[in-house]
Each structure stands twice: as C-alpha cells, then as structure tokens.
Amino acid sequence: MTQHAGVHEKGTFSVKDLLTSIRNSKSYEKVGAIALFIGVARGETLKGEKVEKLTLEAYEEKANEVLAKICENLSKKPGIVDVQIHHLLGEFNVGEDLVYVSVAGSHRSEVFPVLQEAVERYKSEAPVFKKERIIDSKGAVTEYWVSEKERKKM
C-alpha cells in the first residue's frame with residue numbers, strides 16, 4: 001500500500017503509482033473529481049539563467065512527517081476524500097517530474113482550492129532542498145542551493 005505522502009528516490013514512484021493509490025482507496029466511490037499538480041524541472045531560473053540540472057535532497061524523516069501532516073490536515077476539509085504529496089529526490093534533467101500533489105474530492109469546486117493550498121504548504125513547510133546547476137551566457141557552470149524565501153525576494 002502506498003503511503004499518502006512522502007519523499008521518494010527518483011525512479012521509485014510515478015504518477016501512475018499515485019493514480020493507482022487514489023483509485024484503490026476505500027472511499028473512492030465518493031470521488032467525483034481528482035486534481036493533480038506535477039512540478040517539473042524548469043530550464044530557466046527566475047533571473048533568466050539556463051538551468052542544466054537540479055539536485056533535490058531532503059531531511060527525509062522530517063519531510064515525510066511534514067508532508068503526511070499537510071495531507072492529513074487538508075483531508076479534513078469538506079468534500080475532500082484524499083490528499084497526497086509525493087516529492088522525488090535525486091538528480092533531475094530539465095523537464096523531469098519533481099513532485100506530485102493530488103486532491104480527490106466530491107466536486108471540482110472543492111478540489112482546486114485545496115490543491116493550491118497543498119502546493120503552497122509543501123513548498124514552505126517541507127525540508128526539501130534544491131540545488132540548481134546553471135550555465136551563464138559565457139558557458140561558465142555554477143551550482144547553488146536555492147531557498148524559496150530567497151526566490152521570493154527576486
């Protein structure tokens with residue numbers, strides 16, 4: 001049985017696994033809508049620099065705890081049947097999947113706001129760390145750890 005939240009090494013969890021988990025839920029007959037967010041590795045920084053690859057790491061025990069708590073909390077909202085957050089770890093090329101967030105509920109009007117809240121919360125609460133490897137206009141390669149709080153200042 002798939003957990004409803006957690007961090008996974010790249011290649012060990014897929015969007016197909018997520019959908020199977022949702023559909024195998026005991027409460028699936030109550031579901032009328034599933035909203036899904038897939039975060040992917042973007043090929044450009046917010047400053048317009050070219051991203052060659054990303055490395056994602058986490059304080060795994062705490063990340064699993066935080067993601068599970070977010071899902072548990074949001075699952076209690078009216079009309080919500082299931083919330084799942086699965087963050088992948090490892091090295092990623094541009095365009096590869098990084099994170100899956102799903103919300104299943106009775107109606108579409110209930111799932112979209114909860115999906116947005118789930119995405120905002122995992123980004124601000126979960127101890128998942130991203131390192132960007134960028135190439136400048138002269139071809140020089142640099143790597144740095146990205147902090148969401150720093151990114152908001154840009």
# chains A, B, ... in the order shown; residues from 1 in each chain; ligands from 1
$ residues_around --residues "A:Gly139" --least-positions-apart "4" --cutoff "12 Å" --atoms "only C-alpha atoms" --output "ChimeraX atom specification"
/A:49-52,133-135
$ residues_around --residues "stretch 103-117 of chain A" --least-positions-apart "5" --cutoff "10 Å" --atoms "only C-alpha atoms" --output "list in words"
Ile22, Arg23, Ser27, Tyr28, Glu29, Lys30, Val31, Gly32, Ala33, Ile34, Ala35, Leu36, Phe37, Ile70, Cys71, Leu74, Ser75, Lys77, Pro78, Gly79, Ile80, Val81, Asp82, Val83, Gln84, Ile85, Tyr122 and Lys123 of chain A
$ residues_around --residues "A:Glu65" --least-positions-apart "5" --cutoff "12 Å" --atoms "only C-alpha atoms" --output "PDB file with C-alpha atoms, in the first residue's frame"
ATOM      1  CA  GLN A   3       1.655   5.983   1.729  1.00  0.00           C
ATOM      2  CA  HIS A   4      -0.307   9.161   1.100  1.00  0.00           C
ATOM      3  CA  ALA A   5       2.763  11.349   1.370  1.00  0.00           C
ATOM      4  CA  GLY A   6       6.499  11.211   1.405  1.00  0.00           C
ATOM      5  CA  VAL A   7       9.800  11.630  -0.341  1.00  0.00           C
ATOM      6  CA  ALA A  58      15.614  16.295   1.960  1.00  0.00           C
ATOM      7  CA  TYR A  59      15.755  15.795   5.673  1.00  0.00           C
ATOM      8  CA  GLU A  60      13.776  12.665   4.880  1.00  0.00           C
ATOM      9  CA  ILE A  70      -0.290  18.527   5.498  1.00  0.00           C
ATOM     10  CA  CYS A  71      -2.222  15.738   3.763  1.00  0.00           C
ATOM     11  CA  GLU A  72      -3.978  14.709   6.963  1.00  0.00           C
ATOM     12  CA  ILE A  85       2.026  14.725  -1.794  1.00  0.00           C
ATOM     13  CA  TYR A 122       4.639  21.744   0.929  1.00  0.00           C
ATOM     14  CA  GLU A 125       6.913  23.726   5.195  1.00  0.00           C
ATOM     15  CA  ALA A 126       8.711  20.609   3.949  1.00  0.00           C
ATOM     16  CA  PRO A 127      12.501  20.371   4.410  1.00  0.00           C
TER      17      PRO A 127
END
$ select_by_dssp --residues "stretch 8-144 of chain A" --states "strand (DSSP E)" --output "JSON, numbers by chain"
{"A": [8, 9, 33, 34, 35, 36, 37, 38, 39, 40, 50, 51, 52, 53, 54, 55, 56, 57, 58, 80, 81, 82, 83, 84, 85, 86, 87, 88, 89, 90, 91, 92, 93, 97, 98, 99, 100, 101, 102, 103, 104, 105, 128, 129, 130, 131, 132, 133, 134, 135, 141, 142, 143, 144]}
$ write_last_selection --atoms "C-alpha atoms" --output "PDB file, in the first residue's frame"
ATOM      1  CA  HIS A   8      10.996   9.015  -2.819  1.00  0.00           C
ATOM      2  CA  GLU A   9      14.212   8.457  -4.712  1.00  0.00           C
ATOM      3  CA  ALA A  33     -13.003  14.925  -9.188  1.00  0.00           C
ATOM      4  CA  ILE A  34      -9.249  14.461  -8.976  1.00  0.00           C
ATOM      5  CA  ALA A  35      -6.951  17.471  -9.345  1.00  0.00           C
ATOM      6  CA  LEU A  36      -3.272  16.853  -9.958  1.00  0.00           C
ATOM      7  CA  PHE A  37      -0.240  19.132  -9.816  1.00  0.00           C
ATOM      8  CA  ILE A  38       3.014  17.911 -11.338  1.00  0.00           C
ATOM      9  CA  GLY A  39       6.052  20.046 -10.589  1.00  0.00           C
ATOM     10  CA  VAL A  40       8.763  19.713 -13.236  1.00  0.00           C
ATOM     11  CA  LYS A  50      19.903  28.499 -18.130  1.00  0.00           C
ATOM     12  CA  VAL A  51      19.417  25.539 -15.777  1.00  0.00           C
ATOM     13  CA  GLU A  52      21.370  22.434 -16.742  1.00  0.00           C
ATOM     14  CA  LYS A  53      20.095  20.177 -13.948  1.00  0.00           C
ATOM     15  CA  LEU A  54      18.652  20.135 -10.443  1.00  0.00           C
ATOM     16  CA  THR A  55      19.582  18.127  -7.387  1.00  0.00           C
ATOM     17  CA  LEU A  56      16.918  17.591  -4.732  1.00  0.00           C
ATOM     18  CA  GLU A  57      17.672  16.402  -1.223  1.00  0.00           C
ATOM     19  CA  ALA A  58      15.614  16.295   1.960  1.00  0.00           C
ATOM     20  CA  ILE A  80     -12.221  16.154   0.327  1.00  0.00           C
ATOM     21  CA  VAL A  81     -11.648  12.405   0.150  1.00  0.00           C
ATOM     22  CA  ASP A  82      -7.883  12.102  -0.338  1.00  0.00           C
ATOM     23  CA  VAL A  83      -4.806  14.362  -0.443  1.00  0.00           C
ATOM     24  CA  GLN A  84      -1.382  13.067  -1.445  1.00  0.00           C
ATOM     25  CA  ILE A  85       2.026  14.725  -1.794  1.00  0.00           C
ATOM     26  CA  HIS A  86       4.970  12.761  -3.185  1.00  0.00           C
ATOM     27  CA  HIS A  87       8.288  14.566  -3.668  1.00  0.00           C
ATOM     28  CA  LEU A  88      11.077  12.952  -5.651  1.00  0.00           C
ATOM     29  CA  LEU A  89      14.768  13.192  -4.705  1.00  0.00           C
ATOM     30  CA  GLY A  90      17.947  12.880  -6.741  1.00  0.00           C
ATOM     31  CA  GLU A  91      19.357  14.487  -9.881  1.00  0.00           C
ATOM     32  CA  PHE A  92      16.923  15.780 -12.491  1.00  0.00           C
ATOM     33  CA  ASN A  93      17.254  16.998 -16.036  1.00  0.00           C
ATOM     34  CA  ASP A  97       8.922  15.332 -12.814  1.00  0.00           C
ATOM     35  CA  LEU A  98       9.888  16.521  -9.314  1.00  0.00           C
ATOM     36  CA  VAL A  99       6.698  16.355  -7.275  1.00  0.00           C
ATOM     37  CA  TYR A 100       3.135  15.038  -7.477  1.00  0.00           C
ATOM     38  CA  VAL A 101       0.315  16.611  -5.478  1.00  0.00           C
ATOM     39  CA  SER A 102      -3.200  15.246  -5.795  1.00  0.00           C
ATOM     40  CA  VAL A 103      -6.532  16.096  -4.257  1.00  0.00           C
ATOM     41  CA  ALA A 104      -9.558  13.870  -4.711  1.00  0.00           C
ATOM     42  CA  GLY A 105     -12.958  15.097  -3.655  1.00  0.00           C
ATOM     43  CA  VAL A 128      13.256  19.605   0.760  1.00  0.00           C
ATOM     44  CA  PHE A 129      16.295  21.378  -0.680  1.00  0.00           C
ATOM     45  CA  LYS A 130      17.019  22.226  -4.308  1.00  0.00           C
ATOM     46  CA  LYS A 131      20.408  22.860  -5.894  1.00  0.00           C
ATOM     47  CA  GLU A 132      20.480  24.425  -9.349  1.00  0.00           C
ATOM     48  CA  ARG A 133      23.329  23.866 -11.777  1.00  0.00           C
ATOM     49  CA  ILE A 134      23.291  26.831 -14.122  1.00  0.00           C
ATOM     50  CA  ILE A 135      25.252  27.869 -17.196  1.00  0.00           C
ATOM     51  CA  VAL A 141      28.869  26.496 -14.792  1.00  0.00           C
ATOM     52  CA  THR A 142      27.884  27.266 -11.203  1.00  0.00           C
ATOM     53  CA  GLU A 143      25.803  25.446  -8.627  1.00  0.00           C
ATOM     54  CA  TYR A 144      23.924  26.842  -5.658  1.00  0.00           C
TER      55      TYR A 144
END
